[in-house]
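Okay, so here's the structure we're looking at.
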2 protein chains.
Amino acid sequence: MTQPRSTIELTVEPCCPPLSLSLALSDDQAVDLAKVFAALADPVRLRLLSLVASQDEVCSCDLQAPLGKSQPTISHHTKALAEAGLIVGHKRGKWMWWRVAPDRLDALRDVLR
Amino acid sequence: MTQPRSTIELTVEPCCPPLSLSLALSDDQAVDLAKVFAALADPVRLRLLSLVASQDEVCSCDLQAPLGKSQPTISHHTKALAEAGLIVGHKRGKWMWWRVAPDRLDALRDVLR
DNA sequence: CGTACGGATCGACGCCTGTCAATACGTGTG
DNA sequence: CACACGTATTGACAGGCGTCGATCCGTACG
């Protein structure tokens with residue numbers, strides 16, 4: 001089901017500030033950080049993210065089968081990861097292509113001291 | 001309210017295997033990893049963890065005030081973090097002392113590629 | 001145009017989780 | 001031994017979340 005590629009770029013939303021765990025966390029900071037971790041706190045999203053990370057661009061249509069979830073569910077999860085800034089989506093024609101936001105993962109690594 | 005220190009060590013449970021995000025994640029692996037991230041997906045637990053990380057040992061009794069939560073709630077959160085292997089508790093007399101499990105945080109950093 | 005198809009949104013359902021009051025458990029102190 | 005005090009557990013409640021079927025929106029292609 002892998003699809004042909006044309007052009008047209010359509011970025012999805014970015015998000016959130018840099019932090020560090022071992023320096024006393026403010027309330028607001030904690031709330032923001034918790035949202036990012038919440039995005040990672042689901043097995044389906046973790047496998048989705050790992051699929052996107054293993055190739056470097058993946059069509060939504062190619063996620064449904066390996067994850068064994070319905071199309072609305074996949075859409076729900078990609079949205080959650082995108083809102084956390086962990087993946088970025090580009091729409092090309094009818095298809096939605098996703099790739100990881102590597103700097104975002106880097107930042108998250110730094111948070112864990 | 002900071003308390004005196006005697007001895008007696010009483011370790012709390014460890015947990016879970018090593019993983020990597022960019023290598024296709026199995027279902028079971030994803031489930032395990034999700035549990036760890038779920039432990040971090042709460043603002044109160046993040047601030048609790050940052051409090052424990054900033055000093056290197058903290059008494060439960062000293063967490064209640066800065067976090068502004070009831071004693072059962074604090075106990076609930078320390079338990080969640082301990083079950084995720086992120087903190088380790090030692091009971092000395094009446095008081096429960098917590099410290100971070102540094103290798104666990106290291107492992108988690110590695111997971112994020 | 002109209003039709004087909006990929007994706008997003010909506011509504012509903014069941015489950016999980018954060019919170020607290022009440023209570024039980026254990027340890028030290030008189 | 002009895003009592004005080006820190007911690008853990010239980011029960012209850014409200015809110016959030018994962019899931020899916022149904023539906024809507026947009027884009028390609030006859």
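Simple scheme: letters A, B, ... for chains in structure tokens order, numbers from 1 for residues in each chain, numbers from 1 for ligands in the order shown.
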
Check every residue of chain A for an atom within 9 Å of chain B, counting only C-alpha atoms, and provide those that qualify as a ChimeraX atom specification. /A:20-55,105-106,108-113

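Within chain A, DSSP run on the backbone puts these residues in strand (DSSP E): Val58, Cys59, Ile87, Val88, Gly89, His90, Lys91, Arg92, Trp95, Met96, Trp97, Trp98, Arg99 and Val100 of chain A.
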
How would the residues just picked look written out with C-alpha atoms as a compact mmCIF listing (two decimals), in the first residue's frame?
# COMPACT_ATOMS: atom_id res chain seq x y z
CA VAL A 58 5.79 6.97 6.87
CA CYS A 59 2.32 7.33 5.38
CA ILE A 87 6.36 13.85 15.14
CA VAL A 88 5.73 16.22 12.27
CA GLY A 89 3.22 15.63 9.49
CA HIS A 90 3.27 16.69 5.86
CA LYS A 91 0.28 16.26 3.61
CA ARG A 92 1.04 15.37 0.03
CA TRP A 95 -1.71 11.05 1.85
CA MET A 96 -0.35 12.17 5.19
CA TRP A 97 3.37 11.57 5.75
CA TRP A 98 4.95 11.54 9.17
CA ARG A 99 8.50 11.85 10.42
CA VAL A 100 10.01 12.19 13.88

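In this structure, the chain A residues at most 9 Å away from chain C are Ser60, Cys61, Gln71, Pro72, Ser75, His76, Lys94, Trp95 and Met96 of chain A, with only C-alpha atoms (C1' of nucleotides) considered.
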
What does the file look like for those residues with N, CA and C atoms, as a PDB file, in the first residue's frame?
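Once everything was written out, this is result_28.pdb:
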ATOM      1  N   SER A  60       0.377   7.574   6.812  1.00  0.00           N
ATOM      2  CA  SER A  60      -0.643   7.105   7.752  1.00  0.00           C
ATOM      3  C   SER A  60      -1.234   5.777   7.313  1.00  0.00           C
ATOM      4  N   CYS A  61      -1.419   5.660   6.005  1.00  0.00           N
ATOM      5  CA  CYS A  61      -2.062   4.455   5.479  1.00  0.00           C
ATOM      6  C   CYS A  61      -1.238   3.210   5.744  1.00  0.00           C
ATOM      7  N   GLN A  71      -8.710   3.139  11.580  1.00  0.00           N
ATOM      8  CA  GLN A  71      -8.209   4.394  11.018  1.00  0.00           C
ATOM      9  C   GLN A  71      -8.450   5.588  11.957  1.00  0.00           C
ATOM     10  N   PRO A  72      -9.617   5.729  12.570  1.00  0.00           N
ATOM     11  CA  PRO A  72      -9.794   6.848  13.511  1.00  0.00           C
ATOM     12  C   PRO A  72      -8.824   6.776  14.685  1.00  0.00           C
ATOM     13  N   SER A  75      -5.426   7.953  13.567  1.00  0.00           N
ATOM     14  CA  SER A  75      -5.474   9.406  13.424  1.00  0.00           C
ATOM     15  C   SER A  75      -5.411  10.089  14.793  1.00  0.00           C
ATOM     16  N   HIS A  76      -6.104   9.507  15.753  1.00  0.00           N
ATOM     17  CA  HIS A  76      -6.094  10.021  17.122  1.00  0.00           C
ATOM     18  C   HIS A  76      -4.676  10.023  17.692  1.00  0.00           C
ATOM     19  N   LYS A  94      -3.419  13.108  -1.292  1.00  0.00           N
ATOM     20  CA  LYS A  94      -4.367  12.506  -0.371  1.00  0.00           C
ATOM     21  C   LYS A  94      -3.701  11.935   0.866  1.00  0.00           C
ATOM     22  N   TRP A  95      -2.365  11.780   0.779  1.00  0.00           N
ATOM     23  CA  TRP A  95      -1.712  11.049   1.854  1.00  0.00           C
ATOM     24  C   TRP A  95      -1.012  11.927   2.877  1.00  0.00           C
ATOM     25  N   MET A  96      -0.997  11.470   4.091  1.00  0.00           N
ATOM     26  CA  MET A  96      -0.345  12.171   5.190  1.00  0.00           C
ATOM     27  C   MET A  96       0.950  11.440   5.527  1.00  0.00           C
TER      28      MET A  96
END

Taking a cut-off of 10 Å and counting only C-alpha atoms (C1' of nucleotides), can you build a table that, for each residue of chain D near chain B, reports the nearest atom pair and how far apart they are in Å (one decimal), sorted by chain then residue number, as CSV?
residue,atom,partner,partner_atom,distance
D:DC5,C1',B:Lys94,CA,8.3
D:DG6,C1',B:Lys94,CA,5.7
D:DT7,C1',B:Ser75,CA,7.5
D:DA8,C1',B:Ser75,CA,7.2
D:DT9,C1',B:Pro72,CA,8.8

Residue subset to file, keeping N, CA and C atoms (P, O5', C5', C4', C3', O3' and C1' of nucleotides), as a PDB file, in the first residue's frame:
ATOM      1  P    DC D   5       1.320  12.912  68.436  1.00  0.00           P
ATOM      2  O5'  DC D   5       2.098  12.415  67.143  1.00  0.00           O
ATOM      3  C5'  DC D   5       3.429  11.914  67.277  1.00  0.00           C
ATOM      4  C4'  DC D   5       3.793  11.104  66.045  1.00  0.00           C
ATOM      5  C3'  DC D   5       3.239  11.700  64.738  1.00  0.00           C
ATOM      6  O3'  DC D   5       4.240  11.612  63.755  1.00  0.00           O
ATOM      7  C1'  DC D   5       2.658   9.456  64.887  1.00  0.00           C
ATOM      8  P    DG D   6       4.262  12.702  62.527  1.00  0.00           P
ATOM      9  O5'  DG D   6       4.801  11.819  61.323  1.00  0.00           O
ATOM     10  C5'  DG D   6       6.012  11.086  61.493  1.00  0.00           C
ATOM     11  C4'  DG D   6       6.037   9.899  60.553  1.00  0.00           C
ATOM     12  C3'  DG D   6       5.601  10.223  59.116  1.00  0.00           C
ATOM     13  O3'  DG D   6       6.517   9.645  58.212  1.00  0.00           O
ATOM     14  C1'  DG D   6       4.280   8.455  59.992  1.00  0.00           C
ATOM     15  P    DT D   7       6.306   9.781  56.614  1.00  0.00           P
ATOM     16  O5'  DT D   7       5.521   8.448  56.226  1.00  0.00           O
ATOM     17  C5'  DT D   7       6.137   7.191  56.482  1.00  0.00           C
ATOM     18  C4'  DT D   7       5.188   6.073  56.146  1.00  0.00           C
ATOM     19  C3'  DT D   7       4.649   6.105  54.709  1.00  0.00           C
ATOM     20  O3'  DT D   7       5.093   4.933  54.048  1.00  0.00           O
ATOM     21  C1'  DT D   7       2.936   5.625  56.298  1.00  0.00           C
ATOM     22  P    DA D   8       4.664   4.646  52.531  1.00  0.00           P
ATOM     23  O5'  DA D   8       3.411   3.662  52.693  1.00  0.00           O
ATOM     24  C5'  DA D   8       3.579   2.441  53.395  1.00  0.00           C
ATOM     25  C4'  DA D   8       2.296   1.629  53.364  1.00  0.00           C
ATOM     26  C3'  DA D   8       1.660   1.476  51.981  1.00  0.00           C
ATOM     27  O3'  DA D   8       1.308   0.119  51.804  1.00  0.00           O
ATOM     28  C1'  DA D   8       0.084   2.413  53.491  1.00  0.00           C
ATOM     29  P    DT D   9       0.569  -0.348  50.448  1.00  0.00           P
ATOM     30  O5'  DT D   9      -0.981  -0.405  50.838  1.00  0.00           O
ATOM     31  C5'  DT D   9      -1.360  -1.030  52.056  1.00  0.00           C
ATOM     32  C4'  DT D   9      -2.868  -0.953  52.237  1.00  0.00           C
ATOM     33  C3'  DT D   9      -3.692  -1.179  50.957  1.00  0.00           C
ATOM     34  O3'  DT D   9      -4.714  -2.106  51.258  1.00  0.00           O
ATOM     35  C1'  DT D   9      -4.375   0.809  52.024  1.00  0.00           C
TER      36       DT D   9
END

Could you pull out the alpha helix (DSSP H) residues of segment 53-99 of chain A, going by DSSP on the backbone, and write them as a ChimeraX atom specification? /A:53-54,64-67,71-83
